[in-house]
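Chemist: So here's start.txt, just compact mmCIF, C-alpha atoms:
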# COMPACT_ATOMS: atom_id res chain seq x y z
CA MET A 236 8.40 32.90 1.22
CA ARG A 237 6.78 33.93 -2.02
CA ARG A 238 9.90 35.54 -3.35
CA SER A 239 12.08 32.55 -2.58
CA SER A 240 9.72 30.18 -4.35
CA LEU A 241 9.84 32.42 -7.42
CA ILE A 242 13.62 32.34 -7.26
CA TRP A 243 13.53 28.55 -6.90
CA ARG A 244 11.41 28.21 -10.00
CA ALA A 245 13.55 30.67 -11.91
CA ARG A 246 16.75 28.84 -10.96
CA SER A 247 15.47 25.43 -11.90
CA LEU A 248 14.26 26.74 -15.25
CA ALA A 249 17.62 28.41 -15.73
CA VAL A 250 19.37 25.08 -15.07
CA LEU A 251 17.07 23.42 -17.57
CA VAL A 252 17.67 26.07 -20.25
CA LYS A 253 21.41 25.90 -19.66
CA ASP A 254 21.39 22.13 -20.09
CA ILE A 255 19.31 22.35 -23.24
CA LYS A 256 21.58 24.98 -24.73
CA SER A 257 24.74 23.05 -23.96
CA GLU A 258 23.16 19.88 -25.26
CA LEU A 259 22.21 21.59 -28.50
CA ARG A 260 25.80 22.72 -28.88
CA THR A 261 27.53 19.40 -28.30
CA ARG A 262 24.67 16.92 -28.76
CA TYR A 263 26.60 14.44 -26.65
CA ALA A 264 23.87 12.83 -24.55
CA ALA A 265 21.24 12.94 -27.28
CA GLY A 266 23.74 11.54 -29.73
CA ALA A 267 24.75 8.69 -27.43
CA ILE A 268 21.14 7.77 -26.75
CA ALA A 269 20.06 8.00 -30.39
CA MET A 270 23.00 5.94 -31.62
CA PHE A 271 22.47 3.30 -28.99
CA ALA A 272 18.76 3.08 -29.76
CA VAL A 273 19.34 2.78 -33.50
CA VAL A 274 22.08 0.20 -33.08
CA THR A 275 19.96 -1.91 -30.71
CA ILE A 276 16.94 -1.89 -32.96
CA VAL A 277 18.98 -2.67 -36.02
CA ALA A 278 20.69 -5.52 -34.19
CA ILE A 279 17.37 -6.97 -33.09
CA GLY A 280 15.81 -6.53 -36.52
CA PHE A 281 18.82 -8.04 -38.23
CA SER A 282 18.85 -11.08 -35.95
CA LEU A 283 15.15 -11.64 -36.46
CA GLY A 284 15.49 -11.45 -40.21
CA GLY A 285 11.85 -10.69 -40.89
CA ILE A 286 10.35 -13.15 -38.41
CA ALA A 287 7.35 -11.62 -36.70
CA LEU A 288 7.63 -11.40 -32.94
CA ASP A 289 5.01 -12.58 -30.50
CA ILE A 290 3.34 -9.54 -28.89
CA ASN A 291 4.81 -10.34 -25.50
CA LEU A 292 8.27 -10.34 -27.04
CA GLN A 293 7.58 -7.09 -28.86
CA ALA A 294 6.81 -5.38 -25.56
CA ILE A 295 9.88 -6.88 -23.91
CA MET A 296 12.27 -5.94 -26.71
CA LEU A 297 10.87 -2.43 -26.92
CA TRP A 298 11.31 -1.71 -23.26
CA LEU A 299 14.74 -3.30 -23.07
CA SER A 300 15.88 -1.11 -25.98
CA ILE A 301 14.43 1.93 -24.23
CA TYR A 302 16.09 1.07 -20.94
CA PHE A 303 19.58 0.44 -22.31
CA ALA A 304 19.46 3.46 -24.60
CA ALA A 305 18.36 5.58 -21.66
CA ALA A 306 21.09 4.14 -19.45
CA ALA A 307 23.63 5.10 -22.10
CA GLY A 308 22.73 8.77 -21.99
CA LEU A 309 20.87 9.75 -18.83
CA GLY A 310 23.93 9.95 -16.66
CA GLN A 311 25.44 12.62 -18.87
CA SER A 312 23.70 15.63 -17.38
CA PHE A 313 25.56 15.27 -14.09
CA ILE A 314 28.79 13.77 -15.38
CA LYS A 315 29.11 16.71 -17.76
CA GLU A 316 29.04 19.06 -14.78
CA GLU A 317 31.75 17.13 -12.98
CA GLU A 318 33.99 16.86 -16.00
CA ALA A 319 33.66 20.51 -17.01
CA LYS A 320 34.20 21.40 -13.34
CA THR A 321 31.15 23.62 -13.37
CA SER A 322 29.45 21.78 -10.51
CA LEU A 323 30.84 24.15 -7.90
CA ALA A 324 29.45 27.13 -9.78
CA LEU A 325 26.09 25.38 -9.99
CA ARG A 326 26.14 24.67 -6.26
CA ILE A 327 26.66 28.32 -5.51
CA TYR A 328 24.11 29.53 -8.00
CA ALA A 329 21.07 27.46 -7.18
CA PRO A 330 19.57 25.68 -4.17
CA SER A 331 19.97 21.94 -4.51
CA GLY A 332 16.26 21.35 -5.04
CA ALA A 333 16.25 23.71 -8.00
CA VAL A 334 19.21 21.88 -9.54
CA TYR A 335 17.46 18.55 -9.06
CA ASN A 336 14.32 19.89 -10.66
CA GLY A 337 16.12 21.36 -13.64
CA LYS A 338 18.06 18.15 -14.26
CA LEU A 339 14.89 16.09 -13.88
CA LEU A 340 13.07 18.20 -16.47
CA PHE A 341 16.06 17.90 -18.78
CA ASN A 342 16.05 14.11 -18.42
CA LEU A 343 12.32 14.10 -19.15
CA ILE A 344 12.90 16.00 -22.37
CA ILE A 345 15.69 13.63 -23.40
CA LEU A 346 13.48 10.63 -22.68
CA ALA A 347 10.59 12.15 -24.60
CA GLY A 348 12.93 12.49 -27.57
CA LEU A 349 14.02 8.89 -27.07
CA GLY A 350 10.43 7.71 -27.06
CA LEU A 351 9.66 9.66 -30.22
CA LEU A 352 12.68 8.08 -31.89
CA ILE A 353 12.45 4.49 -30.73
CA VAL A 354 8.76 3.71 -31.00
CA PRO A 355 8.27 4.57 -34.70
CA LEU A 356 11.61 2.96 -35.56
CA PHE A 357 10.69 -0.18 -33.67
CA ALA A 358 7.24 -0.30 -35.22
CA LEU A 359 8.73 0.13 -38.68
CA LEU A 360 11.64 -2.28 -38.47
CA ILE A 361 10.40 -4.95 -36.11
CA GLY A 362 6.68 -4.47 -35.87
CA LEU A 363 4.30 -3.39 -33.12
CA ASN A 364 0.73 -4.63 -33.22
CA VAL A 365 -0.85 -1.95 -31.11
CA ALA A 366 -4.45 -2.76 -30.23
CA SER A 367 -5.20 0.16 -27.92
CA TYR A 368 -3.27 3.30 -28.84
CA GLY A 369 -4.52 5.16 -25.80
CA LEU A 370 -3.26 2.54 -23.38
CA PHE A 371 0.00 2.08 -25.23
CA LEU A 372 0.85 5.77 -25.28
CA THR A 373 -0.19 6.25 -21.67
CA ILE A 374 1.95 3.33 -20.48
CA LEU A 375 4.84 4.64 -22.57
CA THR A 376 4.57 8.11 -21.08
CA ALA A 377 4.19 6.80 -17.55
CA GLY A 378 7.16 4.49 -18.01
CA LEU A 379 9.39 7.24 -19.39
CA ILE A 380 8.42 9.62 -16.61
CA GLY A 381 9.17 6.89 -14.12
CA LEU A 382 12.56 6.28 -15.71
CA ALA A 383 13.41 9.96 -15.41
CA CYS A 384 12.30 10.15 -11.78
CA THR A 385 14.26 7.10 -10.68
CA THR A 386 17.44 7.68 -12.61
CA THR A 387 18.10 11.37 -11.93
CA LEU A 388 19.22 10.71 -8.38
CA ILE A 389 21.28 7.69 -9.43
CA ALA A 390 22.95 9.81 -12.11
CA ALA A 391 23.87 12.31 -9.42
CA ILE A 392 25.34 9.54 -7.26
CA VAL A 393 27.37 8.10 -10.13
CA ALA A 394 28.69 11.53 -11.09
CA ARG A 395 30.24 11.85 -7.60
CA ALA A 396 31.97 8.48 -7.83
CA SER A 397 35.54 8.16 -9.04
CA VAL A 398 35.09 5.31 -11.49
CA LYS A 399 32.05 6.04 -13.57
CA SER A 400 31.93 3.89 -16.65
CA THR A 401 29.46 1.07 -16.23
CA LEU A 402 28.37 2.00 -12.75
CA PHE A 403 25.22 3.74 -13.87
CA THR A 404 23.71 0.76 -15.67
CA VAL A 405 24.60 -1.58 -12.82
CA MET A 406 23.17 0.69 -10.13
CA ALA A 407 20.09 1.74 -12.02
CA PHE A 408 18.91 -1.71 -13.02
CA PRO A 409 17.64 -3.06 -9.66
CA ILE A 410 15.96 0.27 -8.91
CA VAL A 411 14.33 0.58 -12.32
CA LEU A 412 13.32 -3.09 -12.49
CA PRO A 413 9.86 -2.68 -10.91
CA LEU A 414 9.14 0.06 -13.45
CA LEU A 415 10.33 -2.10 -16.32
CA VAL A 416 8.21 -5.01 -15.17
CA LEU A 417 5.06 -2.91 -14.91
CA ALA A 418 5.73 -1.10 -18.20
CA ILE A 419 6.32 -4.37 -20.03
CA LYS A 420 3.18 -5.94 -18.61
CA GLY A 421 1.16 -2.84 -19.46
CA THR A 422 2.51 -2.73 -22.99
CA GLN A 423 1.79 -6.43 -23.44
CA LYS A 424 -1.78 -5.68 -22.46
CA ALA A 425 -1.94 -2.78 -24.91
CA LEU A 426 -0.81 -5.02 -27.75
CA LEU A 427 -3.39 -7.69 -27.00
CA ALA A 428 -6.33 -7.65 -29.38
CA GLY A 429 -9.59 -6.56 -27.86
CA VAL A 430 -8.11 -4.83 -24.86
CA LEU A 431 -9.80 -1.89 -23.17
CA PHE A 432 -8.04 1.08 -21.64
CA SER A 433 -9.37 0.10 -18.23
CA ASP A 434 -7.46 -3.18 -18.33
CA GLY A 435 -4.22 -1.35 -17.90
CA ILE A 436 -5.26 0.79 -14.93
CA GLY A 437 -3.45 -1.49 -12.48
CA GLU A 438 -0.14 -1.11 -14.27
CA LEU A 439 -0.63 2.64 -14.66
CA LEU A 440 -1.34 3.02 -10.97
CA GLY A 441 1.73 0.97 -10.14
CA LEU A 442 3.92 3.01 -12.48
CA SER A 443 2.69 6.36 -11.21
CA SER A 444 2.91 5.43 -7.54
CA TYR A 445 6.44 4.03 -7.89
CA SER A 446 7.51 7.14 -9.81
CA ALA A 447 5.96 9.36 -7.16
CA VAL A 448 7.75 7.54 -4.34
CA MET A 449 11.08 7.66 -6.15
CA LEU A 450 10.60 11.33 -7.05
CA ILE A 451 9.97 12.27 -3.44
CA ALA A 452 12.88 10.12 -2.25
CA GLY A 453 15.06 11.82 -4.86
CA MET A 454 14.01 15.29 -3.75
CA LEU A 455 14.70 14.50 -0.12
CA LEU A 456 18.01 12.74 -0.66
CA PHE A 457 19.50 14.87 -3.43
CA ASP A 458 20.86 17.38 -0.97
CA TYR A 459 23.09 14.73 0.65
CA VAL A 460 24.51 13.72 -2.69
CA TRP A 461 24.99 17.19 -4.12
CA ASN A 462 26.47 19.02 -1.16
CA ASP A 463 29.22 17.22 0.64
CA MET B 1496 25.41 -10.51 23.54
CA HIS B 1497 23.96 -11.76 26.74
CA MET B 1498 24.33 -15.49 27.39
CA ILE B 1499 20.59 -15.99 27.61
CA TRP B 1500 20.10 -15.05 23.98
CA LYS B 1501 22.80 -17.49 22.92
CA LEU B 1502 21.15 -20.28 24.88
CA LEU B 1503 17.81 -19.31 23.39
CA VAL B 1504 19.22 -19.56 19.87
CA LEU B 1505 20.61 -23.00 20.65
CA VAL B 1506 17.31 -24.24 22.06
CA LEU B 1507 15.31 -22.73 19.19
CA PHE B 1508 17.48 -24.29 16.53
CA ILE B 1509 17.32 -27.71 18.15
CA TRP B 1510 13.54 -27.34 18.31
CA VAL B 1511 13.33 -26.21 14.68
CA ILE B 1512 15.57 -28.97 13.34
CA ILE B 1513 13.62 -31.64 15.17
CA GLY B 1514 10.25 -30.02 14.52
CA ALA B 1515 10.88 -29.63 10.80
CA TRP B 1516 10.90 -33.41 10.59
CA LEU B 1517 8.22 -34.13 13.16
CA PHE B 1518 5.52 -31.67 12.20
CA GLU B 1519 3.73 -31.62 8.89
CA PRO B 1520 5.03 -29.11 6.37
CA PRO B 1521 2.65 -26.29 5.53
CA MET B 1522 1.96 -27.31 1.98
CA MET B 1523 1.04 -30.43 0.20
CA GLY B 1524 1.90 -31.26 -3.34
CA VAL B 1525 1.94 -34.21 -5.68
CA GLU B 1526 5.53 -34.88 -4.71
CA GLY B 1527 4.54 -35.58 -1.15
CA PRO B 1528 4.99 -33.44 1.92
CA GLU B 1529 8.71 -34.07 2.45
CA VAL B 1530 9.74 -31.61 -0.26
CA TYR B 1531 8.19 -28.68 1.57
CA ARG B 1532 10.10 -29.08 4.82
CA ILE B 1533 12.72 -26.71 3.49
CA PHE B 1534 10.09 -23.99 3.92
CA TYR B 1535 11.01 -23.81 7.61
CA PHE B 1536 14.56 -22.79 6.70
CA HIS B 1537 14.22 -21.03 3.37
CA VAL B 1538 11.54 -18.47 4.23
CA PRO B 1539 13.06 -17.24 7.52
CA VAL B 1540 16.43 -16.77 5.80
CA ALA B 1541 14.75 -14.76 3.04
CA LEU B 1542 12.93 -12.61 5.61
CA VAL B 1543 16.12 -12.03 7.57
CA THR B 1544 17.89 -10.81 4.46
CA PHE B 1545 15.12 -8.26 4.03
CA PHE B 1546 15.51 -7.14 7.66
CA ALA B 1547 19.25 -6.91 7.09
CA TYR B 1548 18.70 -4.55 4.23
CA GLY B 1549 16.34 -2.50 6.33
CA LEU B 1550 19.02 -2.34 9.01
CA ALA B 1551 21.57 -1.19 6.42
CA MET B 1552 19.18 1.55 5.34
CA TYR B 1553 18.56 2.57 8.96
CA ASN B 1554 22.27 2.85 9.64
CA GLY B 1555 22.71 4.81 6.41
CA LEU B 1556 20.05 7.28 7.48
CA MET B 1557 21.68 7.58 10.90
CA TYR B 1558 24.92 8.43 9.16
CA LEU B 1559 23.25 11.11 7.06
CA ASN B 1560 21.75 12.45 10.25
CA ASN B 1561 24.89 12.88 12.36
CA ARG B 1562 27.79 12.10 9.99
CA ARG B 1563 29.53 9.64 12.31
CA LEU B 1564 31.45 7.08 10.29
CA GLU B 1565 30.68 4.25 12.71
CA TYR B 1566 27.16 4.19 11.30
CA ASP B 1567 28.62 3.73 7.85
CA ASP B 1568 30.60 0.73 9.15
CA ARG B 1569 27.46 -0.78 10.60
CA SER B 1570 25.65 -0.21 7.33
CA VAL B 1571 28.30 -2.10 5.37
CA LEU B 1572 28.34 -4.96 7.86
CA ALA B 1573 24.58 -5.28 7.77
CA ALA B 1574 24.66 -5.28 3.98
CA ALA B 1575 27.46 -7.86 3.85
CA LEU B 1576 25.65 -10.20 6.23
CA GLY B 1577 22.44 -9.63 4.33
CA THR B 1578 24.18 -10.64 1.12
CA ILE B 1579 25.29 -13.93 2.68
CA PHE B 1580 21.75 -14.65 3.86
CA CYS B 1581 20.45 -13.64 0.43
CA ALA B 1582 22.79 -16.08 -1.30
CA LEU B 1583 21.66 -18.81 1.11
CA ALA B 1584 18.01 -18.02 0.39
CA THR B 1585 18.62 -18.17 -3.35
CA LEU B 1586 20.45 -21.49 -3.09
CA SER B 1587 17.88 -23.12 -0.80
CA GLY B 1588 15.08 -21.83 -2.99
CA SER B 1589 16.76 -23.22 -6.05
CA VAL B 1590 17.15 -26.65 -4.45
CA PHE B 1591 13.48 -26.58 -3.50
CA ALA B 1592 12.51 -25.56 -7.02
CA LYS B 1593 14.34 -28.53 -8.45
CA PHE B 1594 12.31 -30.97 -6.39
CA ALA B 1595 8.96 -29.19 -6.37
CA TRP B 1596 8.80 -27.61 -9.81
CA ARG B 1597 11.32 -29.77 -11.61
CA SER B 1598 13.89 -27.19 -12.61
CA PHE B 1599 16.47 -25.17 -10.74
CA TRP B 1600 15.25 -21.81 -12.01
CA ASN B 1601 11.84 -20.80 -13.26
CA TRP B 1602 11.75 -16.96 -13.36
CA ASP B 1603 8.82 -17.06 -11.01
CA PRO B 1604 8.36 -13.46 -9.70
CA ARG B 1605 9.34 -14.33 -6.15
CA GLU B 1606 12.43 -16.21 -7.32
CA THR B 1607 13.36 -13.22 -9.44
CA SER B 1608 12.79 -10.90 -6.50
CA ILE B 1609 15.49 -12.61 -4.44
CA VAL B 1610 17.87 -12.22 -7.36
CA VAL B 1611 16.92 -8.54 -7.62
CA LEU B 1612 17.72 -8.18 -3.92
CA LEU B 1613 21.10 -9.76 -4.58
CA LEU B 1614 21.63 -7.32 -7.47
CA ILE B 1615 20.80 -4.37 -5.22
CA TYR B 1616 23.37 -5.50 -2.67
CA LEU B 1617 25.98 -6.10 -5.36
CA ALA B 1618 25.33 -2.68 -6.88
CA TYR B 1619 25.70 -1.23 -3.36
CA PHE B 1620 29.14 -2.80 -3.01
CA ALA B 1621 30.06 -1.77 -6.57
CA LEU B 1622 29.21 1.81 -5.67
CA ARG B 1623 31.30 1.62 -2.50
CA SER B 1624 34.31 0.35 -4.39
CA ALA B 1625 34.00 3.19 -6.92
CA VAL B 1626 34.31 6.05 -4.44
CA ALA B 1627 37.64 6.88 -2.84
CA ASP B 1628 36.85 9.43 -0.15
CA ALA B 1629 35.46 7.82 3.02
CA GLU B 1630 32.86 10.44 3.89
CA ARG B 1631 31.57 10.79 0.35
CA ARG B 1632 31.42 7.02 0.06
CA ALA B 1633 29.37 6.84 3.24
CA ALA B 1634 26.90 9.50 2.08
CA LEU B 1635 26.46 8.05 -1.40
CA SER B 1636 25.97 4.49 -0.19
CA ALA B 1637 23.49 5.68 2.45
CA VAL B 1638 21.42 7.35 -0.26
CA TYR B 1639 21.63 4.28 -2.46
CA SER B 1640 20.58 1.99 0.38
CA VAL B 1641 17.35 3.99 0.71
CA LEU B 1642 16.64 3.68 -3.01
CA GLY B 1643 17.45 0.00 -2.92
CA PHE B 1644 15.16 -0.57 0.04
CA ILE B 1645 12.20 1.06 -1.72
CA SER B 1646 12.80 -1.13 -4.73
CA ALA B 1647 13.20 -4.18 -2.48
CA VAL B 1648 9.86 -3.53 -0.78
CA PHE B 1649 8.18 -3.42 -4.13
CA THR B 1650 9.87 -6.47 -5.63
CA ILE B 1651 9.45 -8.66 -2.56
CA PHE B 1652 6.02 -7.80 -1.25
CA ILE B 1653 4.05 -6.32 -4.12
CA TRP B 1654 5.21 -7.76 -7.41
CA PRO B 1655 4.84 -11.49 -6.54
CA ARG B 1656 1.22 -10.86 -5.62
CA LEU B 1657 0.51 -9.16 -8.93
CA THR B 1658 1.81 -11.70 -11.40
CA PRO B 1659 0.79 -15.32 -11.60
CA GLY B 1660 3.62 -17.50 -10.40
CA LEU B 1661 4.58 -20.74 -8.75
CA HIS B 1662 5.05 -19.57 -5.19
CA PRO B 1663 2.04 -19.69 -2.90
CA GLY B 1664 0.29 -16.35 -2.57
CA ALA B 1665 0.53 -15.41 -6.25
CA PRO B 1666 -2.71 -14.87 -8.17
CA GLY B 1667 -3.79 -18.05 -9.86
CA ASP B 1668 -2.56 -20.09 -6.93
CA SER B 1669 -5.14 -22.72 -6.09
CA SER B 1670 -5.15 -22.22 -2.36
CA GLY B 1671 -6.29 -18.61 -2.76
CA LYS B 1672 -5.23 -17.42 0.66
CA PHE B 1673 -3.01 -14.50 1.50
CA ILE B 1674 -0.84 -16.13 4.13
CA SER B 1675 -2.14 -19.41 5.39
CA MET B 1676 -0.42 -21.53 7.94
CA SER B 1677 -1.77 -24.32 10.06
CA THR B 1678 -0.95 -24.29 13.77
CA ALA B 1679 1.36 -27.24 13.32
CA ALA B 1680 3.39 -25.30 10.79
CA ALA B 1681 3.40 -22.11 12.82
CA ILE B 1682 4.80 -23.97 15.83
CA VAL B 1683 7.98 -24.56 13.86
CA PHE B 1684 7.98 -21.52 11.60
CA ILE B 1685 7.80 -18.77 14.21
CA PRO B 1686 10.65 -20.19 16.32
CA SER B 1687 12.66 -20.66 13.13
CA LEU B 1688 12.16 -17.02 12.20
CA LEU B 1689 13.09 -15.98 15.72
CA ALA B 1690 16.18 -18.20 15.73
CA PHE B 1691 17.51 -16.90 12.41
CA THR B 1692 16.86 -13.30 13.44
CA ILE B 1693 18.71 -13.72 16.73
CA LEU B 1694 21.54 -15.47 14.89
CA PHE B 1695 21.78 -12.55 12.49
CA VAL B 1696 21.80 -10.03 15.32
CA TRP B 1697 24.49 -12.05 17.09
CA ILE B 1698 26.79 -12.20 14.07
CA TYR B 1699 26.08 -8.53 13.34
CA SER B 1700 26.91 -7.33 16.83
CA LEU B 1701 30.11 -9.39 16.82
CA SER B 1702 31.12 -7.88 13.46
CA VAL B 1703 30.43 -4.36 14.71
CA ARG B 1704 32.56 -4.95 17.80
CA ILE B 1705 35.40 -6.45 15.77
CA SER B 1706 35.31 -3.52 13.38
CA ARG B 1707 35.38 -1.02 16.21
CA LEU B 1708 38.29 -2.80 17.91
CA GLU B 1709 40.23 -2.85 14.66
CA GLN B 1710 39.68 0.87 14.26
CA GLU B 1711 40.83 1.57 17.81
CA ARG B 1712 43.92 -0.49 17.24
CA ALA B 1713 44.64 1.33 13.99
CA GLU B 1714 44.23 4.66 15.75
CA LYS B 1715 46.55 3.61 18.57
CA GLU B 1716 49.24 2.67 16.10
CA ILE B 1717 49.03 6.10 14.57
Kindly transcribe the structure held in the file into structure tokens.
Modeler:
Amino acid sequence: MRRSSLIWRARSLAVLVKDIKSELRTRYAAGAIAMFAVVTIVAIGFSLGGIALDINLQAIMLWLSIYFAAAAGLGQSFIKEEEAKTSLALRIYAPSGAVYNGKLLFNLIILAGLGLLIVPLFALLIGLNVASYGLFLTILTAGLIGLACTTTLIAAIVARASVKSTLFTVMAFPIVLPLLVLAIKGTQKALLAGVLFSDGIGELLGLSSYSAVMLIAGMLLFDYVWND
Amino acid sequence: MHMIWKLLVLVLFIWVIIGAWLFEPPMMGVEGPEVYRIFYFHVPVALVTFFAYGLAMYNGLMYLNNRRLEYDDRSVLAAALGTIFCALATLSGSVFAKFAWRSFWNWDPRETSIVVLLLIYLAYFALRSAVADAERRAALSAVYSVLGFISAVFTIFIWPRLTPGLHPGAPGDSSGKFISMSTAAAIVFIPSLLAFTILFVWIYSLSVRISRLEQERAEKEI
């Protein structure tokens, strides 16, 4: 029992390291996400033309940019396996749970990079009047973690489909919507002047519980998607 | 389906149609009570679409359990029927919104939740059309139906109670009760819910039988 859990951890870390290495070589997913994020923010900033946004709109635009940029690149980790035909090798090498874990951690890293890119860019070009940095950063982290948890399984499903192009965005949206709603509301609260960290506890609880449920569902169901 | 259920559905619907006009509607507004009579039809249809999605998820899980494709068929049929009921709920809700809140669409959380449910169903069918192999299609759509159901539970039952909105039961609503219904309203609402559920089960069981007969005929021809 102890030995197999060590192997499990080793395999999932190996999957993660492999993905990072191959991503550093080709930079395909990170490139797609970064380009999409930059293009979206520039498009929004250009259309606004210097007009300051209401704080509710700032939160909405920020999270929509994050979601669509993420949808552009998060599917890549599984689709890459299918296209390079390495998925069979991966199935043999690691138990399915370890693969899921490794891919989930990889998506988390990609999303962390996305957050680091988008938020300063958005604040610079469009403007973010953050009142409570603690709440804002916590909601951002919780939202990104939630995005990773929900979309990893959907990415796996889409990778096994025959026609992949826009399927990921279409499938992910209804599942991610509760997360988006909570994250936007939480961010709106964080931008409101005079807000306390405790005001956002409801949204944080909602985000973390939804992520937890989706994570567990993903862990239980991944086996059916991966091995057929 | 046994004749008694069919007779029961007939009796219930006659009762509901008459009762919707005889008994007072559950809510009162400045527009007068007549606007709210649609409640007796709109809410049961919306609840049945949720049950339909639950049934699709159940059949999906059964498929994952024993890999028999008939469960996948049932899952698709439940989802297809649920989509029809969902479209009906959206339309009836929209008509109601026009008369009660003066515009066809308000982005009230509960209104949005029925659209999200429709999106989940449509994504489910989009996924099914994107996979060629029958067994893989069945497994993938079963997994997606579970994910969709979790999201549906949240958007239908939790989100509308969090955000202020127009539907009763949202925070900021003046009546302040969780689910309130006078006896007069319940006399019509419960039978209406029962009638729509039995109707759904009837159509569903007919569709399952038709699908099975078509498969048997296709197998015989081979």
Chemist: Once you count only C-alpha atoms, what closest atom pair and distance in Å to one decimal does each residue of chain B within 6 Å of chain A have, with rows by chain and rising residue number, as CSV?
Modeler:
residue,atom,partner,partner_atom,distance
B:Val1611,CA,A:Pro409,CA,5.9
B:Ile1615,CA,A:Pro409,CA,5.6
B:Ala1618,CA,A:Met406,CA,5.2
B:Ala1625,CA,A:Val398,CA,5.2
B:Val1626,CA,A:Ala396,CA,4.8
B:Ser1646,CA,A:Ile410,CA,5.4
Chemist: Can you pull out the residues contacting Ala333 (chain A)? Cut-off 7 Å, using only C-alpha atoms, and skip same-chain residues under 5 positions away; I want them as a PyMOL selection string.
Modeler: chain A and resi 243-244+246-247
Chemist: From the options B:Ala1584, B:Ile1645, B:Leu1708, B:Val1638, which residue's atoms come nearest to Val1540 (chain B), counting all atoms listed in the file?
Modeler: B:Ala1584
Chemist: Please check which residues have atoms at most 10 Å from (28.2, -1.5, 6.6) in the file's coordinates, counting all atoms listed in the file, and write them as a VMD selection string.
Modeler: chain B and resid 1550 to 1552 1554 to 1555 1564 to 1576 1620 1633 1636 to 1637 1699 1702 to 1703
Chemist: State, in Å with one decimal place, the distance from CA of Phe1508 (chain B) to CA of Leu1612 (chain B).
Modeler: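 Spanning CA of Phe1508 (chain B) to CA of Leu1612 (chain B) is a straight-line distance of 26.0 Å.
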Chemist: Quick one: of B:Ile1499, B:Val1648, B:Ile1682, B:Leu1559, who's nearest to Ile1609 (chain B), counting all atoms listed in the file?
Modeler: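 Checking each of B:Ile1499, B:Val1648, B:Ile1682, B:Leu1559 against Ile1609 (chain B), counting all atoms listed in the file, the winner is B:Val1648.
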Chemist: Between CA of Glu258 (chain A) and CA of Ser322 (chain A), what is the distance in Å, rounded to a tenth?
Modeler: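 It comes out at 16.1 Å.
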Chemist: Determine the nearest neighbour of Ser240 (chain A) from the options A:Gly381, A:Leu439, A:Pro330, A:Ala307, counting only C-alpha atoms.
Modeler: A:Pro330
Chemist: Using all atoms listed in the file, can you list as a PyMOL selection string the residues within 12 Å of (-4.6, 2.2, -25.2)?
Modeler: chain A and resi 364-376+421-436+439
Chemist: So what do you get for CA of Ile1512 (chain B) versus CA of Thr1607 (chain B), distance-wise?
Modeler: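 If I compute the distance from CA of Ile1512 (chain B) to CA of Thr1607 (chain B), I get 27.8 Å.
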Chemist: Point out the residue among B:Ser1687, B:Phe1580, B:Ala1592, B:Phe1644 with the least atom-to-atom distance to Tyr1553 (chain B), counting all atoms listed in the file.
Modeler: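 Checking each candidate against Tyr1553 (chain B), we get B:Phe1644 as the closest.
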Chemist: Can you list, as a count of residues only, every protein, DNA or RNA residue that comes within 12 Å of Val354 (chain A) when you count only C-alpha atoms, leaving out same-chain residues fewer than 5 positions away?
Modeler: 25
Chemist: Closest to Thr386 (chain A) among A:Glu317, A:Gly310, A:Ser331, A:Ser444, using all atoms listed in the file?
Modeler: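 Answer, going by the shortest atom-to-atom distance: A:Gly310.
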Chemist: My list of candidates is A:Gly378, A:Asn342, A:Phe357, A:Thr401. Which is closest to Ala278 (chain A) when distances are computed with all atoms listed in the file?
Modeler: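 For Ala278 (chain A), the nearest of the candidates is A:Phe357.
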Chemist: Neighbouring residues of Gly337 (chain A) were defined as those with any atom within 9 Å, considering only C-alpha atoms; residues of the same chain fewer than 5 positions away were excluded. Please report them as a VMD selection string.
Modeler: chain A and resid 246 to 252 254 332 342
Chemist: Output C-alpha atoms for every residue in the selection just made, as a short mmCIF file (atom, residue, chain, number, x, y, z; two decimals), in the frame of the given file.
Modeler:
data_model
loop_
_atom_site.label_atom_id
_atom_site.label_comp_id
_atom_site.auth_asym_id
_atom_site.auth_seq_id
_atom_site.Cartn_x
_atom_site.Cartn_y
_atom_site.Cartn_z
CA ARG A 246 16.75 28.84 -10.96
CA SER A 247 15.47 25.43 -11.90
CA LEU A 248 14.26 26.74 -15.25
CA ALA A 249 17.62 28.41 -15.73
CA VAL A 250 19.37 25.08 -15.07
CA LEU A 251 17.07 23.42 -17.57
CA VAL A 252 17.67 26.07 -20.25
CA ASP A 254 21.39 22.13 -20.09
CA GLY A 332 16.26 21.35 -5.04
CA ASN A 342 16.05 14.11 -18.42
#
